[in-house]
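upload.txt follows (compact mmCIF, C-alpha atoms (C1' of nucleotides)):
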# COMPACT_ATOMS: atom_id res chain seq x y z
CA MET A 1 124.90 -25.31 1.20
CA SER A 2 122.23 -24.19 -1.19
CA GLU A 3 123.30 -21.40 -3.50
CA LEU A 4 119.78 -20.05 -3.64
CA ARG A 5 119.48 -19.65 0.11
CA THR A 6 122.52 -17.44 0.06
CA ILE A 7 121.25 -15.37 -2.83
CA LEU A 8 117.86 -14.96 -1.18
CA ALA A 9 119.38 -14.10 2.18
CA ASP A 10 121.57 -11.42 0.65
CA ASN A 11 118.86 -9.92 -1.52
CA LEU A 12 116.34 -9.94 1.27
CA ARG A 13 118.57 -8.24 3.78
CA ARG A 14 119.69 -5.67 1.23
CA LEU A 15 116.16 -4.77 0.15
CA ARG A 16 114.82 -4.78 3.70
CA THR A 17 117.46 -2.49 5.14
CA ALA A 18 117.34 -0.24 2.07
CA LYS A 19 113.75 0.48 3.02
CA GLY A 20 114.68 1.07 6.63
CA LEU A 21 112.66 -1.90 7.84
CA SER A 22 113.49 -4.09 10.81
CA GLN A 23 112.98 -7.84 10.58
CA GLU A 24 109.88 -7.38 12.69
CA ASP A 25 108.56 -4.62 10.42
CA LEU A 26 108.90 -6.81 7.37
CA ALA A 27 107.39 -9.76 9.17
CA GLY A 28 104.35 -7.64 9.93
CA LEU A 29 104.00 -6.46 6.34
CA ALA A 30 104.40 -9.95 4.92
CA ASP A 31 102.26 -11.59 7.58
CA VAL A 32 104.90 -14.05 8.66
CA ASP A 33 106.45 -14.68 12.03
CA ARG A 34 109.11 -12.35 13.38
CA THR A 35 111.59 -15.17 13.83
CA TYR A 36 111.02 -16.42 10.33
CA VAL A 37 112.62 -13.44 8.60
CA SER A 38 115.62 -14.03 10.81
CA LEU A 39 115.75 -17.70 9.80
CA ILE A 40 115.74 -16.86 6.13
CA GLU A 41 118.42 -14.20 6.40
CA ARG A 42 120.59 -16.69 8.28
CA LYS A 43 119.88 -19.38 5.65
CA LYS A 44 118.45 -21.71 8.23
CA ASN A 45 115.58 -22.96 6.14
CA SER A 46 114.30 -23.37 2.63
CA ILE A 47 111.40 -21.00 2.07
CA SER A 48 108.32 -22.20 0.21
CA LEU A 49 107.10 -20.56 -2.96
CA ASP A 50 104.01 -19.19 -1.25
CA LYS A 51 106.02 -17.47 1.48
CA LEU A 52 108.45 -16.11 -1.09
CA GLU A 53 105.52 -14.53 -2.86
CA GLN A 54 104.16 -12.98 0.36
CA ILE A 55 107.51 -11.43 1.13
CA ALA A 56 107.97 -10.17 -2.42
CA ILE A 57 104.60 -8.44 -2.26
CA ALA A 58 105.48 -6.89 1.08
CA LEU A 59 108.66 -5.48 -0.42
CA ASN A 60 106.98 -4.38 -3.64
CA VAL A 61 109.27 -6.41 -5.84
CA GLN A 62 108.79 -9.28 -8.27
CA ALA A 63 109.39 -12.61 -6.55
CA TYR A 64 112.02 -13.74 -9.01
CA THR A 65 114.21 -10.75 -8.22
CA LEU A 66 114.64 -12.15 -4.71
CA ILE A 67 116.44 -15.22 -6.00
CA LYS A 68 118.23 -13.58 -8.89
CA PRO A 69 122.00 -13.11 -8.49
CA GLU A 70 123.03 -9.46 -8.43
CA TYR A 71 125.53 -9.75 -11.24
CA ASP A 72 122.87 -11.07 -13.56
CA MET B 1 95.63 -19.23 -5.88
CA SER B 2 99.25 -18.33 -5.78
CA GLU B 3 100.50 -16.47 -8.82
CA LEU B 4 103.94 -17.99 -8.47
CA ARG B 5 102.66 -21.56 -8.56
CA THR B 6 101.05 -20.84 -11.90
CA ILE B 7 104.15 -19.17 -13.30
CA LEU B 8 106.32 -22.04 -12.16
CA ALA B 9 103.94 -24.67 -13.50
CA ASP B 10 103.82 -23.00 -16.90
CA ASN B 11 107.55 -22.42 -17.15
CA LEU B 12 108.38 -25.89 -15.99
CA ARG B 13 106.08 -27.63 -18.42
CA ARG B 14 107.24 -25.41 -21.26
CA LEU B 15 110.94 -25.99 -20.59
CA ARG B 16 110.49 -29.68 -19.97
CA THR B 17 108.58 -30.38 -23.16
CA ALA B 18 110.88 -28.10 -25.17
CA LYS B 19 113.66 -30.49 -24.27
CA GLY B 20 111.57 -33.48 -25.22
CA LEU B 21 111.53 -34.79 -21.65
CA SER B 22 108.72 -36.71 -19.99
CA GLN B 23 107.85 -35.99 -16.36
CA GLU B 24 109.61 -39.22 -15.56
CA ASP B 25 112.74 -38.19 -17.48
CA LEU B 26 112.96 -34.91 -15.63
CA ALA B 27 112.27 -36.62 -12.33
CA GLY B 28 115.23 -38.86 -12.97
CA LEU B 29 117.50 -35.96 -13.81
CA ALA B 30 116.43 -33.95 -10.79
CA ASP B 31 116.40 -36.93 -8.46
CA VAL B 32 112.81 -36.49 -7.37
CA ASP B 33 109.81 -38.74 -7.68
CA ARG B 34 107.88 -38.74 -10.95
CA THR B 35 104.66 -37.83 -9.18
CA TYR B 36 106.35 -34.85 -7.65
CA VAL B 37 106.91 -33.23 -11.04
CA SER B 38 103.27 -33.89 -11.73
CA LEU B 39 102.27 -32.14 -8.50
CA ILE B 40 104.23 -29.04 -9.37
CA GLU B 41 102.86 -28.80 -12.89
CA ARG B 42 99.37 -29.13 -11.46
CA LYS B 43 100.11 -26.43 -8.85
CA LYS B 44 99.29 -28.76 -5.99
CA ASN B 45 102.06 -27.71 -3.71
CA SER B 46 104.30 -24.84 -2.79
CA ILE B 47 107.75 -26.07 -3.67
CA SER B 48 110.68 -25.18 -1.43
CA LEU B 49 113.68 -23.18 -2.57
CA ASP B 50 115.95 -26.21 -2.30
CA LYS B 51 113.74 -28.26 -4.62
CA LEU B 52 113.46 -25.36 -7.04
CA GLU B 53 117.23 -25.30 -7.22
CA GLN B 54 117.46 -29.05 -7.87
CA ILE B 55 115.03 -28.83 -10.74
CA ALA B 56 116.70 -25.76 -12.20
CA ILE B 57 120.03 -27.58 -12.24
CA ALA B 58 118.44 -30.58 -13.94
CA LEU B 59 117.09 -28.29 -16.65
CA ASN B 60 120.29 -26.30 -16.99
CA VAL B 61 118.60 -23.01 -16.25
CA GLN B 62 118.96 -20.38 -13.57
CA ALA B 63 116.44 -20.95 -10.80
CA TYR B 64 114.96 -17.49 -11.01
CA THR B 65 113.95 -18.03 -14.63
CA LEU B 66 111.54 -20.70 -13.43
CA ILE B 67 109.48 -18.18 -11.49
CA LYS B 68 109.92 -15.25 -13.85
CA PRO B 69 106.85 -14.29 -15.86
CA GLU B 70 107.31 -14.78 -19.61
CA TYR B 71 106.40 -11.24 -20.56
CA ASP B 72 109.11 -9.91 -18.33
C1' DT C 1 102.68 -40.87 -20.10
C1' DT C 2 100.30 -38.47 -16.60
C1' DG C 3 96.83 -37.78 -12.71
C1' DT C 4 95.33 -39.00 -8.31
C1' DG C 5 94.40 -40.69 -3.43
C1' DA C 6 96.30 -42.32 0.59
C1' DC C 7 99.81 -42.32 3.41
C1' DT C 8 104.31 -41.46 6.36
C1' DA C 9 108.59 -38.77 7.04
C1' DA C 10 110.72 -34.54 6.98
C1' DT C 11 110.94 -29.75 7.09
C1' DA C 12 108.73 -25.22 6.94
C1' DG C 13 106.73 -21.97 9.78
C1' DT C 14 104.72 -20.17 14.46
C1' DC C 15 104.86 -18.78 19.14
C1' DC C 16 106.82 -18.53 23.49
C1' DG C 17 110.94 -16.93 25.41
C1' DT C 18 116.35 -15.35 26.47
C1' DT C 19 120.76 -13.34 25.35
C1' DC D 1 117.27 -4.69 16.73
C1' DA D 2 118.91 -9.23 15.76
C1' DA D 3 120.43 -14.14 16.93
C1' DC D 4 118.95 -18.04 18.84
C1' DG D 5 116.44 -22.13 21.45
C1' DG D 6 112.51 -25.31 22.52
C1' DA D 7 108.14 -26.91 21.59
C1' DC D 8 104.73 -27.02 18.84
C1' DT D 9 101.52 -27.18 14.29
C1' DA D 10 101.04 -26.80 9.24
C1' DT D 11 102.76 -27.86 5.00
C1' DT D 12 105.88 -30.02 1.88
C1' DA D 13 108.70 -34.16 0.55
C1' DG D 14 108.54 -38.54 -0.90
C1' DT D 15 106.54 -43.38 -1.98
C1' DC D 16 103.09 -46.57 -3.69
C1' DA D 17 99.29 -48.62 -6.14
C1' DC D 18 96.06 -47.81 -9.58
C1' DA D 19 93.21 -45.46 -13.01

Please re-express this file's structure in structure tokens.
Amino acid sequence: MSELRTILADNLRRLRTAKGLSQEDLAGLADVDRTYVSLIERKKNSISLDKLEQIAIALNVQAYTLIKPEYD
Amino acid sequence: MSELRTILADNLRRLRTAKGLSQEDLAGLADVDRTYVSLIERKKNSISLDKLEQIAIALNVQAYTLIKPEYD
DNA sequence: TTGTGACTAATAGTCCGTT
DNA sequence: CAACGGACTATTAGTCACA
């Protein structure tokens, strides 16, 4: 399994819940489908760079922080 | 145009040439087609996370550094 | 050595639901 | 609120010939 998917899934869920957002809330902010946030958090697919950017903007973070390991 | 595509394109070309690698050399290391490296450096597509990881491994860098702005 | 067009195969991503 | 499925469309992955 891809290491990056796991890192992204963890970071995404952590940041999302820290802001008190549901998957649907975030989906609305990032203009992606409701089920898509779920797919990413469950590591079911490999997000494209463009979608990563959309989600980063919605969360007010730099895109690279979403795929950066926490210990780093 | 996506900001991330530009950042990735710049970082990739910089790292690749710094190691004295041709697009074809890198393609071989990352197990992708030569024209695919060309597409990324020309910002023609929105690479997936899995591919980003493959290329990062081939370059011996952390994946997030490929989409991190230089000034950061 | 790299850019590009044309193309097919595979997967990302959406939209409708149910549990 | 989140996991999950099926069916679908859009985009990316991957290959080739040629400039």

Contact residues around Tyr64 (chain A) with only C-alpha atoms (C1' of nucleotides) at 6 Å, ignoring same-chain residues under 2 positions, as an MDAnalysis selection string: (chainID A and resid 62 66:67) or (chainID B and resid 64 67:68)

Interface list for chain C, partner chain B, 8 Å threshold, only C-alpha atoms (C1' of nucleotides), as a list in words: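 The answer, sorted by residue number, is DT1, DT2 and DG3 of chain C.
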
Residue with smallest distance to chain A - pool B:Leu26, B:Leu49, B:Val61, B:Ile40, counting only C-alpha atoms: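 Ranked by minimum distance to chain A, first place goes to B:Leu49.
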
Interface residues on chain B facing chain A, 10 Å, only C-alpha atoms, written as a ChimeraX atom specification: /B:1-5,8,45-54,62-69

Tell me the residues of chain D close to chain A, meaning within 8 Å using all atoms listed in the file, as an mmCIF file with C-alpha atoms (C1' of nucleotides), in the coordinates of the input.
data_model
loop_
_atom_site.group_PDB
_atom_site.id
_atom_site.type_symbol
_atom_site.label_atom_id
_atom_site.label_comp_id
_atom_site.auth_asym_id
_atom_site.auth_seq_id
_atom_site.Cartn_x
_atom_site.Cartn_y
_atom_site.Cartn_z
ATOM 1 C "C1'" DC D 1 117.270 -4.690 16.730
ATOM 2 C "C1'" DA D 2 118.910 -9.230 15.760
ATOM 3 C "C1'" DA D 3 120.430 -14.140 16.930
#

Contact residues around DC18 (chain D) with all atoms listed in the file at 12 Å, ignoring same-chain residues under 4 positions, as a VMD selection string: chain C and resid 3 to 6

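Between CA of Ala18 (chain B) and CA of Ile55 (chain B) the interatomic distance comes to 15.0 Å.
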
Exercise: DG6 (chain D) partners within 10 Å, only C-alpha atoms (C1' of nucleotides), chain neighbours under 2 positions left out, as a list of chain:residue names: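 Answer for this query is C:DC16, C:DG17, D:DC8.
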
Straight-line distance linking CA of Asp25 (chain A) with CA of Arg13 (chain A), stated in Å to one decimal: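 About the pair CA of Asp25 (chain A) and CA of Arg13 (chain A): they are 12.5 Å apart.
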
For CA of Ala30 (chain B) and CA of Ala58 (chain B), the interatomic separation in Å (one decimal):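 Computing the Euclidean distance for CA of Ala30 (chain B) and CA of Ala58 (chain B) yields 5.0 Å.
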
Box centre and edge lengths (Å, one decimal), axis-aligned, region 5-13 of chain B plus 6 Å each side, as AutoDock Vina command-line options:
--center_x 104.7 --center_y -23.4 --center_z -13.5 --size_x 19.3 --size_y 20.5 --size_z 21.9

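Between Leu29 (chain A) and the candidates A:Arg14, A:Lys44, A:Ala56, A:Ile7, the tightest atom-to-atom separation, counting only C-alpha atoms, involves A:Ala56.
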
Atoms kept (all heavy atoms) for region 4-18 of chain C, as a short mmCIF file (atom, residue, chain, number, x, y, z; two decimals), in the first residue's frame:
data_model
loop_
_atom_site.label_atom_id
_atom_site.label_comp_id
_atom_site.auth_asym_id
_atom_site.auth_seq_id
_atom_site.Cartn_x
_atom_site.Cartn_y
_atom_site.Cartn_z
P DT C 4 5.58 21.36 -26.62
OP1 DT C 4 5.43 22.70 -27.23
OP2 DT C 4 5.24 21.18 -25.20
"O5'" DT C 4 4.75 20.32 -27.48
"C5'" DT C 4 5.06 20.18 -28.86
"C4'" DT C 4 4.32 19.01 -29.45
"O4'" DT C 4 5.02 17.78 -29.19
"C3'" DT C 4 2.90 18.80 -28.91
"O3'" DT C 4 2.00 19.01 -29.97
"C2'" DT C 4 2.90 17.35 -28.42
"C1'" DT C 4 4.05 16.76 -29.23
N1 DT C 4 4.65 15.51 -28.67
C2 DT C 4 4.78 14.43 -29.50
O2 DT C 4 4.42 14.43 -30.67
N3 DT C 4 5.35 13.31 -28.92
C4 DT C 4 5.78 13.20 -27.61
O4 DT C 4 6.27 12.15 -27.21
C5 DT C 4 5.61 14.37 -26.80
C7 DT C 4 6.03 14.34 -25.36
C6 DT C 4 5.06 15.46 -27.36
P DG C 5 0.42 19.18 -29.71
OP1 DG C 5 0.00 20.46 -30.30
OP2 DG C 5 0.11 18.86 -28.32
"O5'" DG C 5 -0.18 18.01 -30.62
"C5'" DG C 5 0.30 17.85 -31.96
"C4'" DG C 5 -0.19 16.53 -32.50
"O4'" DG C 5 0.60 15.45 -31.94
"C3'" DG C 5 -1.64 16.22 -32.13
"O3'" DG C 5 -2.26 15.63 -33.27
"C2'" DG C 5 -1.53 15.26 -30.96
"C1'" DG C 5 -0.24 14.52 -31.26
N9 DG C 5 0.48 14.07 -30.07
C8 DG C 5 0.64 14.74 -28.88
N7 DG C 5 1.35 14.06 -28.00
C5 DG C 5 1.68 12.89 -28.66
C6 DG C 5 2.43 11.77 -28.22
O6 DG C 5 2.98 11.60 -27.12
N1 DG C 5 2.53 10.79 -29.21
C2 DG C 5 1.97 10.88 -30.45
N2 DG C 5 2.17 9.85 -31.26
N3 DG C 5 1.26 11.92 -30.88
C4 DG C 5 1.16 12.88 -29.94
P DA C 6 -3.85 15.34 -33.27
OP1 DA C 6 -4.36 15.88 -34.55
OP2 DA C 6 -4.42 15.81 -31.98
"O5'" DA C 6 -3.95 13.77 -33.30
"C5'" DA C 6 -2.95 12.98 -33.98
"C4'" DA C 6 -3.09 11.55 -33.53
"O4'" DA C 6 -2.22 11.30 -32.41
"C3'" DA C 6 -4.51 11.19 -33.05
"O3'" DA C 6 -4.90 9.93 -33.57
"C2'" DA C 6 -4.37 11.14 -31.54
"C1'" DA C 6 -2.94 10.63 -31.40
N9 DA C 6 -2.33 10.94 -30.11
C8 DA C 6 -2.49 12.07 -29.36
N7 DA C 6 -1.83 12.05 -28.22
C5 DA C 6 -1.19 10.83 -28.23
C6 DA C 6 -0.33 10.21 -27.31
N6 DA C 6 0.04 10.76 -26.15
N1 DA C 6 0.13 8.98 -27.62
C2 DA C 6 -0.24 8.43 -28.77
N3 DA C 6 -1.05 8.92 -29.73
C4 DA C 6 -1.49 10.13 -29.38
P DC C 7 -6.46 9.57 -33.60
OP1 DC C 7 -6.74 9.05 -34.95
OP2 DC C 7 -7.28 10.67 -33.04
"O5'" DC C 7 -6.52 8.37 -32.55
"C5'" DC C 7 -5.56 7.31 -32.69
"C4'" DC C 7 -5.25 6.69 -31.34
"O4'" DC C 7 -4.53 7.61 -30.50
"C3'" DC C 7 -6.46 6.34 -30.48
"O3'" DC C 7 -6.92 5.04 -30.84
"C2'" DC C 7 -5.90 6.37 -29.06
"C1'" DC C 7 -4.53 7.03 -29.22
N1 DC C 7 -4.25 8.06 -28.19
C2 DC C 7 -3.33 7.75 -27.19
O2 DC C 7 -2.78 6.64 -27.23
N3 DC C 7 -3.07 8.65 -26.22
C4 DC C 7 -3.70 9.82 -26.23
N4 DC C 7 -3.40 10.68 -25.26
C5 DC C 7 -4.64 10.17 -27.23
C6 DC C 7 -4.89 9.25 -28.19
P DT C 8 -8.25 4.43 -30.13
OP1 DT C 8 -8.81 3.48 -31.10
OP2 DT C 8 -9.07 5.54 -29.60
"O5'" DT C 8 -7.65 3.61 -28.90
"C5'" DT C 8 -6.61 2.66 -29.13
"C4'" DT C 8 -6.18 2.06 -27.80
"O4'" DT C 8 -5.56 3.08 -27.00
"C3'" DT C 8 -7.32 1.49 -26.96
"O3'" DT C 8 -6.88 0.26 -26.38
"C2'" DT C 8 -7.59 2.57 -25.92
"C1'" DT C 8 -6.20 3.17 -25.74
N1 DT C 8 -6.17 4.59 -25.33
C2 DT C 8 -5.29 4.97 -24.35
O2 DT C 8 -4.53 4.19 -23.80
N3 DT C 8 -5.32 6.31 -24.03
C4 DT C 8 -6.12 7.28 -24.60
O4 DT C 8 -6.05 8.44 -24.23
C5 DT C 8 -7.02 6.82 -25.62
C7 DT C 8 -7.95 7.79 -26.28
C6 DT C 8 -7.01 5.51 -25.94
P DA C 9 -7.80 -0.52 -25.30
OP1 DA C 9 -7.55 -1.96 -25.48
OP2 DA C 9 -9.16 0.04 -25.29
"O5'" DA C 9 -7.09 -0.07 -23.94
"C5'" DA C 9 -5.72 -0.44 -23.74
"C4'" DA C 9 -5.38 -0.24 -22.28
"O4'" DA C 9 -5.41 1.17 -21.98
"C3'" DA C 9 -6.32 -0.90 -21.29
"O3'" DA C 9 -5.51 -1.37 -20.23
"C2'" DA C 9 -7.26 0.22 -20.88
"C1'" DA C 9 -6.34 1.44 -20.95
N9 DA C 9 -6.99 2.70 -21.31
C8 DA C 9 -7.91 2.93 -22.29
N7 DA C 9 -8.29 4.19 -22.39
C5 DA C 9 -7.56 4.82 -21.41
C6 DA C 9 -7.49 6.16 -20.99
N6 DA C 9 -8.20 7.15 -21.54
N1 DA C 9 -6.65 6.47 -19.98
C2 DA C 9 -5.92 5.48 -19.43
N3 DA C 9 -5.89 4.19 -19.74
C4 DA C 9 -6.75 3.92 -20.74
P DA C 10 -6.16 -2.13 -18.94
OP1 DA C 10 -5.18 -3.15 -18.53
OP2 DA C 10 -7.56 -2.49 -19.24
"O5'" DA C 10 -6.17 -1.00 -17.83
"C5'" DA C 10 -4.93 -0.39 -17.46
"C4'" DA C 10 -5.22 0.78 -16.54
"O4'" DA C 10 -5.96 1.79 -17.24
"C3'" DA C 10 -6.03 0.42 -15.30
"O3'" DA C 10 -5.24 0.74 -14.18
"C2'" DA C 10 -7.29 1.31 -15.41
"C1'" DA C 10 -6.83 2.41 -16.34
N9 DA C 10 -7.87 3.05 -17.15
C8 DA C 10 -8.72 2.46 -18.04
N7 DA C 10 -9.52 3.29 -18.65
C5 DA C 10 -9.18 4.53 -18.14
C6 DA C 10 -9.66 5.82 -18.38
N6 DA C 10 -10.63 6.10 -19.25
N1 DA C 10 -9.09 6.84 -17.69
C2 DA C 10 -8.11 6.55 -16.83
N3 DA C 10 -7.57 5.39 -16.51
C4 DA C 10 -8.16 4.40 -17.21
P DT C 11 -5.78 0.38 -12.67
OP1 DT C 11 -4.57 0.03 -11.90
OP2 DT C 11 -6.96 -0.49 -12.73
"O5'" DT C 11 -6.26 1.83 -12.16
"C5'" DT C 11 -5.35 2.90 -12.24
"C4'" DT C 11 -6.06 4.22 -12.04
"O4'" DT C 11 -7.01 4.45 -13.11
"C3'" DT C 11 -6.90 4.30 -10.76
"O3'" DT C 11 -6.66 5.60 -10.25
"C2'" DT C 11 -8.33 4.20 -11.27
"C1'" DT C 11 -8.18 5.01 -12.54
N1 DT C 11 -9.27 4.88 -13.53
C2 DT C 11 -9.81 6.04 -14.05
O2 DT C 11 -9.42 7.15 -13.73
N3 DT C 11 -10.80 5.85 -14.96
C4 DT C 11 -11.30 4.63 -15.41
O4 DT C 11 -12.20 4.59 -16.24
C5 DT C 11 -10.70 3.46 -14.82
C7 DT C 11 -11.15 2.10 -15.22
C6 DT C 11 -9.72 3.63 -13.92
P DA C 12 -6.74 5.96 -8.72
OP1 DA C 12 -5.35 6.03 -8.27
OP2 DA C 12 -7.68 5.09 -7.99
"O5'" DA C 12 -7.30 7.44 -8.78
"C5'" DA C 12 -6.64 8.34 -9.66
"C4'" DA C 12 -7.59 9.44 -10.11
"O4'" DA C 12 -8.62 8.90 -10.98
"C3'" DA C 12 -8.32 10.19 -9.00
"O3'" DA C 12 -8.36 11.55 -9.37
"C2'" DA C 12 -9.71 9.54 -9.01
"C1'" DA C 12 -9.90 9.28 -10.50
N9 DA C 12 -10.78 8.18 -10.86
C8 DA C 12 -10.67 6.87 -10.48
N7 DA C 12 -11.58 6.09 -11.01
C5 DA C 12 -12.33 6.94 -11.80
C6 DA C 12 -13.45 6.72 -12.63
N6 DA C 12 -14.02 5.53 -12.82
N1 DA C 12 -13.98 7.80 -13.27
C2 DA C 12 -13.40 9.00 -13.09
N3 DA C 12 -12.35 9.32 -12.34
C4 DA C 12 -11.85 8.24 -11.72
P DG C 13 -8.81 12.67 -8.31
OP1 DG C 13 -8.30 13.97 -8.79
OP2 DG C 13 -8.45 12.20 -6.97
"O5'" DG C 13 -10.39 12.68 -8.45
"C5'" DG C 13 -10.95 13.41 -9.52
"C4'" DG C 13 -12.45 13.17 -9.56
"O4'" DG C 13 -12.69 11.78 -9.88
"C3'" DG C 13 -13.23 13.43 -8.28
"O3'" DG C 13 -14.10 14.53 -8.49
"C2'" DG C 13 -13.96 12.13 -8.00
"C1'" DG C 13 -13.97 11.48 -9.37
N9 DG C 13 -14.17 10.04 -9.36
C8 DG C 13 -13.46 9.08 -8.65
N7 DG C 13 -13.91 7.86 -8.85
C5 DG C 13 -14.97 8.03 -9.74
C6 DG C 13 -15.84 7.06 -10.30
O6 DG C 13 -15.86 5.85 -10.15
N1 DG C 13 -16.78 7.66 -11.15
C2 DG C 13 -16.87 9.00 -11.41
N2 DG C 13 -17.83 9.39 -12.24
N3 DG C 13 -16.05 9.90 -10.88
C4 DG C 13 -15.13 9.36 -10.06
P DT C 14 -15.33 14.93 -7.52
OP1 DT C 14 -15.51 16.38 -7.59
OP2 DT C 14 -15.12 14.25 -6.23
"O5'" DT C 14 -16.56 14.25 -8.26
"C5'" DT C 14 -16.84 14.60 -9.61
"C4'" DT C 14 -18.20 14.06 -10.03
"O4'" DT C 14 -18.17 12.62 -10.03
"C3'" DT C 14 -19.37 14.46 -9.12
"O3'" DT C 14 -20.40 14.96 -9.96
"C2'" DT C 14 -19.76 13.17 -8.41
"C1'" DT C 14 -19.33 12.11 -9.42
N1 DT C 14 -18.94 10.80 -8.86
C2 DT C 14 -19.57 9.67 -9.30
O2 DT C 14 -20.46 9.69 -10.13
N3 DT C 14 -19.13 8.50 -8.75
C4 DT C 14 -18.14 8.35 -7.81
O4 DT C 14 -17.83 7.24 -7.39
C5 DT C 14 -17.51 9.57 -7.39
C7 DT C 14 -16.41 9.52 -6.36
C6 DT C 14 -17.93 10.73 -7.91
P DC C 15 -21.65 15.77 -9.32
OP1 DC C 15 -22.14 16.69 -10.38
OP2 DC C 15 -21.31 16.29 -8.00
"O5'" DC C 15 -22.72 14.61 -9.13
"C5'" DC C 15 -23.17 13.90 -10.27
"C4'" DC C 15 -24.06 12.75 -9.86
"O4'" DC C 15 -23.25 11.64 -9.40
"C3'" DC C 15 -25.04 13.06 -8.71
"O3'" DC C 15 -26.36 12.79 -9.15
"C2'" DC C 15 -24.61 12.12 -7.59
"C1'" DC C 15 -23.97 10.99 -8.39
N1 DC C 15 -23.02 10.16 -7.61
C2 DC C 15 -23.06 8.77 -7.75
O2 DC C 15 -23.88 8.28 -8.52
N3 DC C 15 -22.19 8.02 -7.03
C4 DC C 15 -21.33 8.60 -6.21
N4 DC C 15 -20.50 7.81 -5.53
C5 DC C 15 -21.27 10.01 -6.06
C6 DC C 15 -22.13 10.75 -6.77
P DC C 16 -27.62 13.25 -8.25
OP1 DC C 16 -28.59 13.83 -9.20
OP2 DC C 16 -27.17 14.03 -7.08
"O5'" DC C 16 -28.18 11.86 -7.71
"C5'" DC C 16 -28.82 10.99 -8.64
"C4'" DC C 16 -28.81 9.57 -8.14
"O4'" DC C 16 -27.45 9.13 -7.93
"C3'" DC C 16 -29.45 9.34 -6.78
"O3'" DC C 16 -30.85 9.24 -6.89
"C2'" DC C 16 -28.85 7.99 -6.41
"C1'" DC C 16 -27.48 8.02 -7.06
N1 DC C 16 -26.37 8.15 -6.08
C2 DC C 16 -25.72 7.00 -5.63
O2 DC C 16 -26.10 5.91 -6.06
N3 DC C 16 -24.72 7.11 -4.72
C4 DC C 16 -24.36 8.31 -4.27
N4 DC C 16 -23.36 8.37 -3.40
C5 DC C 16 -25.00 9.51 -4.71
C6 DC C 16 -26.00 9.39 -5.61
P DG C 17 -31.82 9.10 -5.57
OP1 DG C 17 -33.21 9.24 -6.01
OP2 DG C 17 -31.26 10.00 -4.53
"O5'" DG C 17 -31.64 7.56 -5.15
"C5'" DG C 17 -31.44 7.22 -3.78
"C4'" DG C 17 -30.70 5.88 -3.74
"O4'" DG C 17 -29.31 6.13 -4.01
"C3'" DG C 17 -30.72 5.24 -2.36
"O3'" DG C 17 -31.82 4.35 -2.29
"C2'" DG C 17 -29.41 4.46 -2.31
"C1'" DG C 17 -28.51 5.27 -3.23
N9 DG C 17 -27.52 6.09 -2.53
C8 DG C 17 -27.48 7.46 -2.39
N7 DG C 17 -26.44 7.89 -1.72
C5 DG C 17 -25.75 6.73 -1.39
C6 DG C 17 -24.55 6.56 -0.67
O6 DG C 17 -23.82 7.41 -0.17
N1 DG C 17 -24.21 5.20 -0.55
C2 DG C 17 -24.94 4.16 -1.08
N2 DG C 17 -24.48 2.92 -0.88
N3 DG C 17 -26.07 4.31 -1.76
C4 DG C 17 -26.41 5.61 -1.88
P DT C 18 -32.46 4.06 -0.81
OP1 DT C 18 -33.72 3.35 -1.02
OP2 DT C 18 -32.43 5.33 -0.05
"O5'" DT C 18 -31.38 3.07 -0.17
"C5'" DT C 18 -31.05 1.85 -0.84
"C4'" DT C 18 -30.03 1.09 0.01
"O4'" DT C 18 -28.81 1.87 0.08
"C3'" DT C 18 -30.50 0.88 1.45
"O3'" DT C 18 -30.33 -0.48 1.82
"C2'" DT C 18 -29.62 1.79 2.28
"C1'" DT C 18 -28.37 1.94 1.42
N1 DT C 18 -27.71 3.25 1.63
C2 DT C 18 -26.44 3.29 2.13
O2 DT C 18 -25.80 2.28 2.41
N3 DT C 18 -25.92 4.55 2.31
C4 DT C 18 -26.55 5.75 2.05
O4 DT C 18 -25.99 6.81 2.26
C5 DT C 18 -27.88 5.63 1.52
C7 DT C 18 -28.66 6.87 1.20
C6 DT C 18 -28.40 4.41 1.34
#
